[in-house]
Amino acid sequence: MKLLLLLGLVALSECVVRIPLTKGKSLRDHLREEGKLSDYLKTYEEEVASKFSQTEDAVVTYESMRNYLDVVYYGTIAIGTPPQVFRVMFDTGSSNLWVPSIHCNSPACRNHWSFDPASSSTFKSNNVTSVLPYGMGSVSGVLGNDTVQVGSLVVTNQAFTLTSAEDNVFANFPFDGFLGLSYPDMVDDGTTTVFDTMWNQGLIPDDLFSIYLSSYGESGSMVIFGAIDPSYYFGNIYWVPVSKEGYWQITMESVSVNGNIIACDGGCQAMVDSGTTMIGGPRSGIINILNVIGAYLDSNREFSVDCYTISDLPDLYFTINGKPFNVPARAYINQKTCTANFIVTPSNMPELWILGDVFMRGYYTVFDRANNNVGFATSA
């Protein structure tokens, strides 16, 4: 399955993936130790109460996302009647909706908000088990149906997984679950995706959604259901056909530096994935990039560059459908640690490139299901 939330490193002989959110204490633990947890929860609950007090349906919904250290972006949804609120990652690399259940005793569940089906008058259980594998772990539980509210959109009878077990890797994520936005082909349990239900129930005017990701920890990240908003980009949108329905998969022609092709020579496949932090690619291509930028394996087994060289490093160009999209060094190098934001894709997708958040922060991205296109425009 897909590779999610990966902050990793690449070695010549092996690919080692590091997920820093799973190390150390959770956000909740840190806030508790600093005496800020109650204030945080009060503020969060007030925001949620205001947000979900809206009862009128909207043809276009703007769902704000929090930028957590430029590592992950997540927003809030509500499930059930009355609504129970959850923080979810809006993930274009998977298709299922899941949140923890109160019946889950895994440490990962205890660290997050959980859904109580008995407290929802609209919940329906179908007693079907569900196992959802991801690149770094899996969750399992039972399927149910209930009302799901995203912004002011109220989706009725939406299928989702209530997890009863989660691998420990999910324990310290700053969100509770996932809302997948990929194609229905990627659904692991035969259910209908949230986005397809939105469209089938006539809740959005256009069969598309768009994403803007902020940079450097700034606010303003947004997923927009049913519309393209010109205020989030400059210039034109460049449209790229989806090459295979499943992931948001497209054809890429090359990766180049200073006019010289260093990877994807002759063409390759890439997926546009809001659920992956870095840019991923086949081992040979990533090694070529690391060599060109002068990265070296440091004592933490991460690939680093000398901090004083960052301003002199070249832009990378990803040519897609005849258009070169540049990714500057300030995007592909972590400015605080001077480490390279690249990973090798896993063995189950060895030739697939992943255009994750490092790429998407530079480009407002439109996911057009009606025409099976992905659109890129320079972020405002």
# chains A, B, ... in the order shown; residues from 1 in each chain; ligands from 1

$ select_by_dssp --residues "stretch 134-266 of chain A" --states "strand (DSSP E or B)" --output "short mmCIF file (atom, residue, chain, number, x, y, z; two decimals) with all heavy atoms, in the first residue's frame"
data_model
loop_
_atom_site.label_atom_id
_atom_site.label_comp_id
_atom_site.auth_asym_id
_atom_site.auth_seq_id
_atom_site.Cartn_x
_atom_site.Cartn_y
_atom_site.Cartn_z
N TYR A 134 -1.19 0.20 5.54
CA TYR A 134 -0.46 1.36 5.03
C TYR A 134 1.03 1.01 5.00
O TYR A 134 1.44 -0.05 5.48
CB TYR A 134 -0.71 2.59 5.91
CG TYR A 134 -2.13 3.08 5.86
CD1 TYR A 134 -3.09 2.59 6.74
CD2 TYR A 134 -2.54 4.02 4.91
CE1 TYR A 134 -4.40 3.03 6.69
CE2 TYR A 134 -3.85 4.46 4.84
CZ TYR A 134 -4.78 3.95 5.74
OH TYR A 134 -6.08 4.38 5.68
N GLY A 137 2.30 0.64 8.68
CA GLY A 137 1.52 -0.08 9.67
C GLY A 137 0.10 -0.26 9.18
O GLY A 137 -0.25 0.11 8.06
N SER A 138 -0.73 -0.81 10.03
CA SER A 138 -2.11 -1.05 9.62
C SER A 138 -3.06 -0.78 10.78
O SER A 138 -2.66 -0.70 11.94
CB SER A 138 -2.29 -2.50 9.15
OG SER A 138 -2.07 -3.41 10.21
N VAL A 139 -4.33 -0.60 10.43
CA VAL A 139 -5.40 -0.49 11.41
C VAL A 139 -6.48 -1.49 11.03
O VAL A 139 -6.61 -1.88 9.86
CB VAL A 139 -5.99 0.94 11.47
CG1 VAL A 139 -4.92 1.96 11.79
CG2 VAL A 139 -6.69 1.30 10.15
N SER A 140 -7.25 -1.91 12.03
CA SER A 140 -8.34 -2.84 11.76
C SER A 140 -9.53 -2.50 12.65
O SER A 140 -9.38 -1.87 13.70
CB SER A 140 -7.90 -4.28 12.00
OG SER A 140 -7.47 -4.47 13.34
N GLY A 141 -10.70 -2.92 12.21
CA GLY A 141 -11.90 -2.62 12.98
C GLY A 141 -13.13 -3.13 12.27
O GLY A 141 -13.08 -4.12 11.53
N VAL A 142 -14.25 -2.45 12.51
CA VAL A 142 -15.51 -2.84 11.89
C VAL A 142 -16.08 -1.66 11.12
O VAL A 142 -15.82 -0.50 11.44
CB VAL A 142 -16.53 -3.30 12.95
CG1 VAL A 142 -16.05 -4.57 13.64
CG2 VAL A 142 -16.80 -2.21 13.96
N LEU A 143 -16.85 -1.99 10.11
CA LEU A 143 -17.47 -0.96 9.30
C LEU A 143 -18.79 -0.50 9.91
O LEU A 143 -19.52 -1.28 10.52
CB LEU A 143 -17.73 -1.48 7.88
CG LEU A 143 -16.52 -1.68 6.98
CD1 LEU A 143 -16.94 -2.35 5.68
CD2 LEU A 143 -15.85 -0.34 6.70
N GLY A 144 -19.07 0.79 9.72
CA GLY A 144 -20.35 1.34 10.12
C GLY A 144 -20.75 2.43 9.15
O GLY A 144 -19.96 2.82 8.28
N ASN A 145 -21.95 2.90 9.28
CA ASN A 145 -22.44 4.02 8.46
C ASN A 145 -23.01 5.08 9.37
O ASN A 145 -23.69 4.78 10.35
CB ASN A 145 -23.53 3.55 7.49
CG ASN A 145 -22.98 2.70 6.37
OD1 ASN A 145 -22.54 1.58 6.58
ND2 ASN A 145 -23.01 3.23 5.15
N ASP A 146 -22.71 6.35 9.02
CA ASP A 146 -23.24 7.45 9.81
C ASP A 146 -23.12 8.73 9.02
O ASP A 146 -22.54 8.77 7.93
CB ASP A 146 -22.47 7.57 11.14
CG ASP A 146 -23.36 8.13 12.26
OD1 ASP A 146 -24.29 8.89 11.94
OD2 ASP A 146 -23.10 7.81 13.43
N THR A 147 -23.67 9.79 9.59
CA THR A 147 -23.56 11.11 8.99
C THR A 147 -22.15 11.65 9.21
O THR A 147 -21.61 11.57 10.31
CB THR A 147 -24.59 12.07 9.62
OG1 THR A 147 -25.90 11.57 9.35
CG2 THR A 147 -24.45 13.48 9.06
N VAL A 148 -21.56 12.19 8.16
CA VAL A 148 -20.23 12.78 8.23
C VAL A 148 -20.32 14.22 7.77
O VAL A 148 -20.86 14.51 6.69
CB VAL A 148 -19.20 12.01 7.36
CG1 VAL A 148 -17.85 12.72 7.37
CG2 VAL A 148 -19.06 10.58 7.87
N GLN A 149 -19.85 15.13 8.59
CA GLN A 149 -19.89 16.55 8.24
C GLN A 149 -18.47 17.04 7.98
O GLN A 149 -17.58 16.93 8.82
CB GLN A 149 -20.53 17.36 9.37
CG GLN A 149 -20.78 18.82 8.97
CD GLN A 149 -21.69 19.55 9.95
OE1 GLN A 149 -22.24 18.92 10.85
NE2 GLN A 149 -21.82 20.84 9.79
N VAL A 150 -18.28 17.59 6.79
CA VAL A 150 -17.01 18.21 6.39
C VAL A 150 -17.31 19.67 6.12
O VAL A 150 -17.96 20.01 5.13
CB VAL A 150 -16.41 17.53 5.15
CG1 VAL A 150 -15.05 18.16 4.80
CG2 VAL A 150 -16.26 16.04 5.36
N LEU A 153 -20.78 20.78 4.68
CA LEU A 153 -21.36 19.69 3.90
C LEU A 153 -21.75 18.55 4.83
O LEU A 153 -20.94 18.07 5.62
CB LEU A 153 -20.37 19.18 2.86
CG LEU A 153 -20.05 20.09 1.67
CD1 LEU A 153 -19.04 19.41 0.76
CD2 LEU A 153 -21.31 20.44 0.89
N VAL A 154 -22.99 18.10 4.73
CA VAL A 154 -23.47 17.00 5.54
C VAL A 154 -23.69 15.79 4.64
O VAL A 154 -24.60 15.75 3.82
CB VAL A 154 -24.77 17.37 6.27
CG1 VAL A 154 -25.26 16.19 7.11
CG2 VAL A 154 -24.55 18.59 7.16
N VAL A 155 -22.82 14.80 4.79
CA VAL A 155 -22.87 13.58 3.99
C VAL A 155 -23.60 12.52 4.81
O VAL A 155 -23.17 12.20 5.93
CB VAL A 155 -21.45 13.10 3.64
CG1 VAL A 155 -21.50 11.84 2.79
CG2 VAL A 155 -20.67 14.20 2.93
N THR A 156 -24.69 12.00 4.29
CA THR A 156 -25.48 11.02 5.05
C THR A 156 -25.10 9.59 4.66
O THR A 156 -24.68 9.32 3.53
CB THR A 156 -26.98 11.24 4.82
OG1 THR A 156 -27.27 11.13 3.42
CG2 THR A 156 -27.40 12.61 5.31
N ASN A 157 -25.27 8.69 5.63
CA ASN A 157 -25.07 7.26 5.42
C ASN A 157 -23.70 6.94 4.82
O ASN A 157 -23.58 6.12 3.91
CB ASN A 157 -26.18 6.70 4.51
CG ASN A 157 -26.30 5.19 4.62
OD1 ASN A 157 -26.09 4.62 5.69
ND2 ASN A 157 -26.63 4.54 3.51
N GLN A 158 -22.67 7.58 5.34
CA GLN A 158 -21.31 7.37 4.85
C GLN A 158 -20.67 6.19 5.57
O GLN A 158 -20.65 6.12 6.79
CB GLN A 158 -20.46 8.61 5.06
CG GLN A 158 -18.99 8.44 4.71
CD GLN A 158 -18.78 8.09 3.25
OE1 GLN A 158 -19.34 8.75 2.36
NE2 GLN A 158 -17.97 7.08 2.98
N ALA A 159 -20.10 5.27 4.81
CA ALA A 159 -19.40 4.14 5.40
C ALA A 159 -18.02 4.57 5.89
O ALA A 159 -17.34 5.38 5.25
CB ALA A 159 -19.25 3.02 4.38
N PHE A 160 -17.62 4.04 7.04
CA PHE A 160 -16.29 4.32 7.57
C PHE A 160 -15.88 3.19 8.50
O PHE A 160 -16.71 2.36 8.91
CB PHE A 160 -16.26 5.67 8.30
CG PHE A 160 -17.03 5.71 9.59
CD1 PHE A 160 -16.38 5.73 10.83
CD2 PHE A 160 -18.43 5.76 9.59
CE1 PHE A 160 -17.11 5.77 12.01
CE2 PHE A 160 -19.16 5.80 10.77
CZ PHE A 160 -18.49 5.81 11.99
N THR A 161 -14.61 3.14 8.82
CA THR A 161 -14.08 2.10 9.71
C THR A 161 -13.89 2.66 11.11
O THR A 161 -13.28 3.72 11.28
CB THR A 161 -12.74 1.55 9.18
OG1 THR A 161 -12.96 0.91 7.92
CG2 THR A 161 -12.14 0.54 10.15
N LEU A 162 -14.41 1.96 12.10
CA LEU A 162 -14.17 2.27 13.50
C LEU A 162 -13.07 1.33 13.97
O LEU A 162 -13.29 0.12 14.09
CB LEU A 162 -15.42 2.05 14.35
CG LEU A 162 -16.67 2.87 14.06
CD1 LEU A 162 -17.45 2.31 12.88
CD2 LEU A 162 -17.56 2.87 15.30
N THR A 163 -11.89 1.83 14.19
CA THR A 163 -10.78 0.94 14.47
C THR A 163 -10.90 0.33 15.87
O THR A 163 -11.26 1.00 16.83
CB THR A 163 -9.43 1.66 14.35
OG1 THR A 163 -9.33 2.68 15.34
CG2 THR A 163 -9.26 2.26 12.97
N SER A 164 -10.57 -0.95 15.94
CA SER A 164 -10.49 -1.65 17.22
C SER A 164 -9.04 -1.99 17.57
O SER A 164 -8.74 -2.37 18.70
CB SER A 164 -11.31 -2.94 17.17
OG SER A 164 -10.90 -3.76 16.08
N ALA A 165 -8.14 -1.82 16.59
CA ALA A 165 -6.71 -2.03 16.81
C ALA A 165 -5.93 -1.17 15.83
O ALA A 165 -6.29 -1.08 14.65
CB ALA A 165 -6.35 -3.51 16.65
N GLU A 166 -4.87 -0.52 16.33
CA GLU A 166 -4.00 0.28 15.50
C GLU A 166 -2.55 -0.01 15.88
O GLU A 166 -2.22 -0.11 17.06
CB GLU A 166 -4.28 1.79 15.68
CG GLU A 166 -5.69 2.22 15.29
CD GLU A 166 -5.90 3.72 15.49
OE1 GLU A 166 -4.88 4.44 15.66
OE2 GLU A 166 -7.06 4.15 15.47
N GLY A 177 -7.38 10.25 12.59
CA GLY A 177 -7.67 9.28 11.54
C GLY A 177 -7.36 9.82 10.16
O GLY A 177 -6.72 10.86 10.01
N PHE A 178 -7.85 9.11 9.16
CA PHE A 178 -7.59 9.44 7.77
C PHE A 178 -8.90 9.62 7.00
O PHE A 178 -9.86 8.86 7.23
CB PHE A 178 -6.81 8.32 7.08
CG PHE A 178 -5.38 8.21 7.50
CD1 PHE A 178 -5.03 7.71 8.74
CD2 PHE A 178 -4.36 8.59 6.63
CE1 PHE A 178 -3.71 7.59 9.12
CE2 PHE A 178 -3.03 8.47 6.99
CZ PHE A 178 -2.71 7.97 8.25
N LEU A 179 -8.93 10.60 6.11
CA LEU A 179 -10.01 10.71 5.14
C LEU A 179 -9.36 10.64 3.77
O LEU A 179 -8.73 11.60 3.31
CB LEU A 179 -10.80 12.01 5.32
CG LEU A 179 -12.13 12.11 4.57
CD1 LEU A 179 -13.07 13.10 5.26
CD2 LEU A 179 -11.94 12.51 3.11
N GLY A 180 -9.50 9.48 3.12
CA GLY A 180 -8.85 9.26 1.83
C GLY A 180 -9.58 9.94 0.70
O GLY A 180 -10.81 9.94 0.63
N LEU A 208 -14.79 17.74 -8.40
CA LEU A 208 -13.37 17.97 -8.19
C LEU A 208 -13.15 18.55 -6.80
O LEU A 208 -14.07 19.01 -6.14
CB LEU A 208 -12.80 18.91 -9.26
CG LEU A 208 -13.42 20.31 -9.45
CD1 LEU A 208 -12.94 21.31 -8.40
CD2 LEU A 208 -13.10 20.85 -10.83
N PHE A 209 -11.88 18.52 -6.38
CA PHE A 209 -11.47 19.23 -5.17
C PHE A 209 -10.07 19.77 -5.40
O PHE A 209 -9.37 19.36 -6.35
CB PHE A 209 -11.52 18.31 -3.93
CG PHE A 209 -10.59 17.13 -4.00
CD1 PHE A 209 -9.32 17.19 -3.46
CD2 PHE A 209 -11.00 15.95 -4.61
CE1 PHE A 209 -8.46 16.10 -3.52
CE2 PHE A 209 -10.15 14.85 -4.68
CZ PHE A 209 -8.88 14.93 -4.14
N SER A 210 -9.67 20.72 -4.59
CA SER A 210 -8.36 21.34 -4.77
C SER A 210 -7.70 21.54 -3.42
O SER A 210 -8.38 21.64 -2.39
CB SER A 210 -8.48 22.67 -5.53
OG SER A 210 -9.42 23.53 -4.90
N ILE A 211 -6.36 21.60 -3.44
CA ILE A 211 -5.60 21.67 -2.19
C ILE A 211 -4.53 22.75 -2.28
O ILE A 211 -3.79 22.83 -3.27
CB ILE A 211 -4.95 20.32 -1.87
CG1 ILE A 211 -6.01 19.27 -1.53
CG2 ILE A 211 -3.95 20.44 -0.71
CD1 ILE A 211 -5.46 17.88 -1.25
N TYR A 212 -4.46 23.56 -1.23
CA TYR A 212 -3.37 24.52 -1.06
C TYR A 212 -2.66 24.20 0.24
O TYR A 212 -3.28 24.09 1.30
CB TYR A 212 -3.92 25.96 -1.00
CG TYR A 212 -2.88 26.97 -0.56
CD1 TYR A 212 -1.96 27.48 -1.47
CD2 TYR A 212 -2.82 27.40 0.77
CE1 TYR A 212 -1.00 28.40 -1.06
CE2 TYR A 212 -1.87 28.31 1.18
CZ TYR A 212 -0.96 28.81 0.26
OH TYR A 212 -0.01 29.70 0.67
N SER A 221 -3.54 26.67 5.07
CA SER A 221 -3.70 25.47 4.25
C SER A 221 -5.18 25.14 4.10
O SER A 221 -5.96 25.30 5.05
CB SER A 221 -2.95 24.31 4.86
OG SER A 221 -1.57 24.59 4.95
N MET A 222 -5.56 24.66 2.91
CA MET A 222 -6.99 24.50 2.63
C MET A 222 -7.23 23.36 1.65
O MET A 222 -6.47 23.16 0.70
CB MET A 222 -7.53 25.80 2.02
CG MET A 222 -9.04 25.90 1.97
SD MET A 222 -9.74 26.20 3.61
CE MET A 222 -9.10 27.85 3.97
N VAL A 223 -8.30 22.60 1.89
CA VAL A 223 -8.85 21.70 0.88
C VAL A 223 -10.23 22.23 0.54
O VAL A 223 -11.03 22.54 1.43
CB VAL A 223 -8.87 20.23 1.36
CG1 VAL A 223 -9.62 20.07 2.67
CG2 VAL A 223 -9.49 19.34 0.28
N ILE A 224 -10.49 22.38 -0.74
CA ILE A 224 -11.74 22.98 -1.22
C ILE A 224 -12.50 21.92 -2.01
O ILE A 224 -12.00 21.39 -3.00
CB ILE A 224 -11.45 24.21 -2.11
CG1 ILE A 224 -10.57 25.22 -1.37
CG2 ILE A 224 -12.76 24.85 -2.56
CD1 ILE A 224 -10.04 26.31 -2.27
N PHE A 225 -13.70 21.62 -1.57
CA PHE A 225 -14.51 20.60 -2.24
C PHE A 225 -15.49 21.27 -3.20
O PHE A 225 -16.32 22.07 -2.81
CB PHE A 225 -15.27 19.78 -1.20
CG PHE A 225 -14.38 18.93 -0.35
CD1 PHE A 225 -13.99 19.36 0.92
CD2 PHE A 225 -13.90 17.71 -0.81
CE1 PHE A 225 -13.17 18.58 1.71
CE2 PHE A 225 -13.07 16.93 -0.02
CZ PHE A 225 -12.70 17.36 1.23
N TYR A 233 -3.64 30.87 -6.31
CA TYR A 233 -2.56 30.60 -7.27
C TYR A 233 -2.33 31.78 -8.21
O TYR A 233 -3.18 32.68 -8.34
CB TYR A 233 -2.84 29.33 -8.08
CG TYR A 233 -4.05 29.40 -9.00
CD1 TYR A 233 -3.93 29.83 -10.32
CD2 TYR A 233 -5.31 29.00 -8.56
CE1 TYR A 233 -5.03 29.86 -11.16
CE2 TYR A 233 -6.42 29.05 -9.39
CZ TYR A 233 -6.27 29.47 -10.70
OH TYR A 233 -7.37 29.51 -11.53
N PHE A 234 -1.16 31.74 -8.86
CA PHE A 234 -0.80 32.72 -9.87
C PHE A 234 -0.82 32.05 -11.24
O PHE A 234 -0.56 30.85 -11.37
CB PHE A 234 0.61 33.27 -9.65
CG PHE A 234 0.78 34.01 -8.35
CD1 PHE A 234 1.61 33.52 -7.36
CD2 PHE A 234 0.14 35.22 -8.13
CE1 PHE A 234 1.79 34.20 -6.17
CE2 PHE A 234 0.30 35.91 -6.94
CZ PHE A 234 1.13 35.40 -5.96
N GLY A 235 -1.12 32.84 -12.29
CA GLY A 235 -0.99 32.34 -13.66
C GLY A 235 -2.03 31.31 -14.02
O GLY A 235 -3.17 31.33 -13.53
N ASN A 236 -1.63 30.38 -14.89
CA ASN A 236 -2.54 29.39 -15.43
C ASN A 236 -2.42 28.06 -14.70
O ASN A 236 -1.40 27.76 -14.07
CB ASN A 236 -2.24 29.15 -16.92
CG ASN A 236 -2.44 30.40 -17.75
OD1 ASN A 236 -3.40 31.14 -17.55
ND2 ASN A 236 -1.53 30.64 -18.68
N ILE A 237 -3.48 27.27 -14.82
CA ILE A 237 -3.45 25.89 -14.34
C ILE A 237 -3.01 25.00 -15.49
O ILE A 237 -3.55 25.09 -16.60
CB ILE A 237 -4.83 25.44 -13.83
CG1 ILE A 237 -5.26 26.27 -12.62
CG2 ILE A 237 -4.81 23.95 -13.47
CD1 ILE A 237 -6.67 25.96 -12.14
N TYR A 238 -2.02 24.16 -15.26
CA TYR A 238 -1.53 23.22 -16.26
C TYR A 238 -2.13 21.85 -15.96
O TYR A 238 -1.93 21.29 -14.88
CB TYR A 238 0.00 23.17 -16.26
CG TYR A 238 0.62 24.47 -16.72
CD1 TYR A 238 0.89 25.48 -15.81
CD2 TYR A 238 0.91 24.69 -18.06
CE1 TYR A 238 1.45 26.68 -16.22
CE2 TYR A 238 1.47 25.89 -18.49
CZ TYR A 238 1.73 26.88 -17.56
OH TYR A 238 2.27 28.07 -17.97
N TRP A 239 -2.85 21.33 -16.94
CA TRP A 239 -3.60 20.10 -16.73
C TRP A 239 -2.82 18.89 -17.21
O TRP A 239 -2.20 18.91 -18.27
CB TRP A 239 -4.95 20.16 -17.44
CG TRP A 239 -5.85 21.21 -16.87
CD1 TRP A 239 -6.10 22.45 -17.37
CD2 TRP A 239 -6.60 21.11 -15.65
NE1 TRP A 239 -6.97 23.14 -16.56
CE2 TRP A 239 -7.29 22.34 -15.48
CE3 TRP A 239 -6.76 20.12 -14.69
CZ2 TRP A 239 -8.12 22.59 -14.40
CZ3 TRP A 239 -7.58 20.36 -13.60
CH2 TRP A 239 -8.25 21.58 -13.47
N VAL A 240 -2.87 17.84 -16.41
CA VAL A 240 -2.14 16.61 -16.70
C VAL A 240 -3.13 15.44 -16.61
O VAL A 240 -3.81 15.27 -15.59
CB VAL A 240 -1.00 16.39 -15.69
CG1 VAL A 240 -0.20 15.14 -16.05
CG2 VAL A 240 -0.09 17.62 -15.62
N PRO A 241 -3.22 14.62 -17.65
CA PRO A 241 -4.15 13.48 -17.59
C PRO A 241 -3.73 12.45 -16.55
O PRO A 241 -2.54 12.19 -16.36
CB PRO A 241 -4.08 12.88 -19.01
CG PRO A 241 -3.43 13.93 -19.86
CD PRO A 241 -2.54 14.72 -18.95
N VAL A 242 -4.71 11.88 -15.88
CA VAL A 242 -4.44 10.75 -14.99
C VAL A 242 -4.12 9.54 -15.86
O VAL A 242 -4.88 9.20 -16.77
CB VAL A 242 -5.64 10.47 -14.08
CG1 VAL A 242 -5.47 9.14 -13.33
CG2 VAL A 242 -5.85 11.62 -13.10
N SER A 243 -3.00 8.90 -15.59
CA SER A 243 -2.57 7.77 -16.42
C SER A 243 -3.15 6.45 -15.94
O SER A 243 -3.27 5.49 -16.72
CB SER A 243 -1.04 7.68 -16.45
OG SER A 243 -0.51 7.56 -15.15
N LYS A 244 -3.51 6.37 -14.67
CA LYS A 244 -4.10 5.17 -14.12
C LYS A 244 -4.94 5.54 -12.93
O LYS A 244 -4.46 6.18 -12.00
CB LYS A 244 -3.00 4.17 -13.70
CG LYS A 244 -3.55 2.86 -13.17
CD LYS A 244 -2.43 1.92 -12.78
CE LYS A 244 -2.97 0.60 -12.23
NZ LYS A 244 -1.88 -0.33 -11.84
N GLU A 245 -6.21 5.16 -12.95
CA GLU A 245 -7.12 5.48 -11.86
C GLU A 245 -6.88 4.52 -10.69
O GLU A 245 -6.96 3.32 -10.84
CB GLU A 245 -8.56 5.40 -12.34
CG GLU A 245 -8.89 6.42 -13.42
CD GLU A 245 -10.30 6.28 -13.94
OE1 GLU A 245 -11.14 5.68 -13.23
OE2 GLU A 245 -10.57 6.76 -15.05
N TRP A 248 -3.73 9.08 -7.55
CA TRP A 248 -3.76 10.16 -8.53
C TRP A 248 -2.43 10.07 -9.30
O TRP A 248 -1.48 10.78 -9.02
CB TRP A 248 -3.94 11.50 -7.85
CG TRP A 248 -5.35 11.71 -7.38
CD1 TRP A 248 -5.86 11.44 -6.15
CD2 TRP A 248 -6.44 12.20 -8.17
NE1 TRP A 248 -7.21 11.75 -6.11
CE2 TRP A 248 -7.59 12.21 -7.33
CE3 TRP A 248 -6.56 12.63 -9.50
CZ2 TRP A 248 -8.84 12.64 -7.78
CZ3 TRP A 248 -7.82 13.06 -9.95
CH2 TRP A 248 -8.93 13.06 -9.10
N GLN A 249 -2.40 9.15 -10.25
CA GLN A 249 -1.17 8.79 -10.94
C GLN A 249 -1.08 9.48 -12.30
O GLN A 249 -2.04 9.54 -13.06
CB GLN A 249 -1.11 7.27 -11.13
CG GLN A 249 0.18 6.76 -11.74
CD GLN A 249 0.28 5.24 -11.66
OE1 GLN A 249 -0.16 4.63 -10.68
NE2 GLN A 249 0.85 4.62 -12.69
N ILE A 250 0.09 10.03 -12.59
CA ILE A 250 0.32 10.77 -13.83
C ILE A 250 1.64 10.32 -14.44
O ILE A 250 2.46 9.66 -13.80
CB ILE A 250 0.36 12.29 -13.57
CG1 ILE A 250 1.46 12.64 -12.55
CG2 ILE A 250 -1.00 12.80 -13.12
CD1 ILE A 250 1.61 14.13 -12.28
N THR A 251 1.85 10.70 -15.71
CA THR A 251 3.10 10.39 -16.40
C THR A 251 4.04 11.58 -16.29
O THR A 251 3.65 12.72 -16.54
CB THR A 251 2.84 10.08 -17.88
OG1 THR A 251 1.99 8.92 -17.97
CG2 THR A 251 4.13 9.79 -18.63
N MET A 252 5.28 11.29 -15.91
CA MET A 252 6.31 12.32 -15.82
C MET A 252 7.39 12.01 -16.84
O MET A 252 7.74 10.84 -17.04
CB MET A 252 6.88 12.33 -14.39
CG MET A 252 7.77 13.49 -14.05
SD MET A 252 7.97 13.69 -12.24
CE MET A 252 8.93 12.22 -11.83
N GLU A 253 7.92 13.06 -17.49
CA GLU A 253 8.89 12.81 -18.56
C GLU A 253 10.33 12.75 -18.09
O GLU A 253 11.13 12.00 -18.63
CB GLU A 253 8.78 13.89 -19.64
CG GLU A 253 7.57 13.72 -20.56
CD GLU A 253 6.50 14.76 -20.30
OE1 GLU A 253 6.68 15.93 -20.66
OE2 GLU A 253 5.48 14.37 -19.70
N SER A 254 10.67 13.55 -17.07
CA SER A 254 12.06 13.57 -16.62
C SER A 254 12.20 14.37 -15.34
O SER A 254 11.31 15.14 -14.97
CB SER A 254 12.98 14.17 -17.69
OG SER A 254 12.68 15.55 -17.89
N VAL A 255 13.34 14.16 -14.67
CA VAL A 255 13.79 15.00 -13.57
C VAL A 255 15.15 15.53 -13.98
O VAL A 255 16.04 14.75 -14.35
CB VAL A 255 13.92 14.22 -12.24
CG1 VAL A 255 14.39 15.14 -11.12
CG2 VAL A 255 12.59 13.56 -11.88
N SER A 256 15.32 16.85 -13.95
CA SER A 256 16.56 17.42 -14.48
C SER A 256 17.10 18.52 -13.56
O SER A 256 16.39 19.09 -12.74
CB SER A 256 16.33 17.99 -15.89
OG SER A 256 15.34 19.00 -15.87
N VAL A 257 18.38 18.80 -13.73
CA VAL A 257 19.08 19.88 -13.04
C VAL A 257 19.95 20.59 -14.07
O VAL A 257 20.72 19.95 -14.80
CB VAL A 257 19.96 19.34 -11.90
CG1 VAL A 257 20.82 20.47 -11.31
CG2 VAL A 257 19.11 18.72 -10.81
N ASN A 260 20.16 19.13 -17.49
CA ASN A 260 20.64 17.75 -17.62
C ASN A 260 19.70 16.79 -16.91
O ASN A 260 19.39 16.97 -15.72
CB ASN A 260 22.04 17.61 -17.02
CG ASN A 260 23.06 18.50 -17.71
OD1 ASN A 260 23.12 18.52 -18.95
ND2 ASN A 260 23.86 19.21 -16.94
N ILE A 261 19.23 15.78 -17.62
CA ILE A 261 18.33 14.78 -17.03
C ILE A 261 19.14 13.90 -16.08
O ILE A 261 20.16 13.33 -16.45
CB ILE A 261 17.67 13.93 -18.12
CG1 ILE A 261 16.75 14.81 -18.99
CG2 ILE A 261 16.86 12.79 -17.49
CD1 ILE A 261 16.10 14.06 -20.15
N ILE A 262 18.65 13.80 -14.83
CA ILE A 262 19.35 13.00 -13.83
C ILE A 262 18.50 11.84 -13.33
O ILE A 262 19.00 10.96 -12.61
CB ILE A 262 19.81 13.87 -12.64
CG1 ILE A 262 18.60 14.52 -11.96
CG2 ILE A 262 20.82 14.91 -13.07
CD1 ILE A 262 18.95 15.21 -10.64
N ALA A 263 17.22 11.81 -13.71
CA ALA A 263 16.34 10.72 -13.29
C ALA A 263 15.12 10.70 -14.20
O ALA A 263 14.83 11.69 -14.89
CB ALA A 263 15.91 10.90 -11.83
#

$ residues_around --residues "A:Ile77" --least-positions-apart "3" --cutoff "10 Å" --atoms "only C-alpha atoms" --output "PyMOL selection string"
chain A and resi 48+51-52+63+74+83-88+148-153+179

$ closest_residue --among "A:Cys264, A:Tyr68, A:Cys307, A:Phe367" --to "A:Gly226" --atoms "only C-alpha atoms"
A:Phe367

$ closest_atom_pairs --of "stretch 160-263 of chain A" --to "stretch 345-363 of chain A" --cutoff "7 Å" --atoms "only C-alpha atoms" --output "Markdown table"
| residue | atom | partner | partner_atom | distance |
| --- | --- | --- | --- | --- |
| A:Leu213 | CA | A:Arg361 | CA | 5.0 |
| A:Ser214 | CA | A:Arg361 | CA | 6.1 |
| A:Ser215 | CA | A:Arg361 | CA | 6.3 |

$ atom_distance --atom1 "atom CA of A:Cys338" --atom2 "atom CA of A:Asp306"
6.8 Å

$ closest_residue --among "A:Phe303, A:Tyr216, A:Ile79, A:Lys323" --to "A:Asn291" --atoms "only C-alpha atoms"
A:Phe303
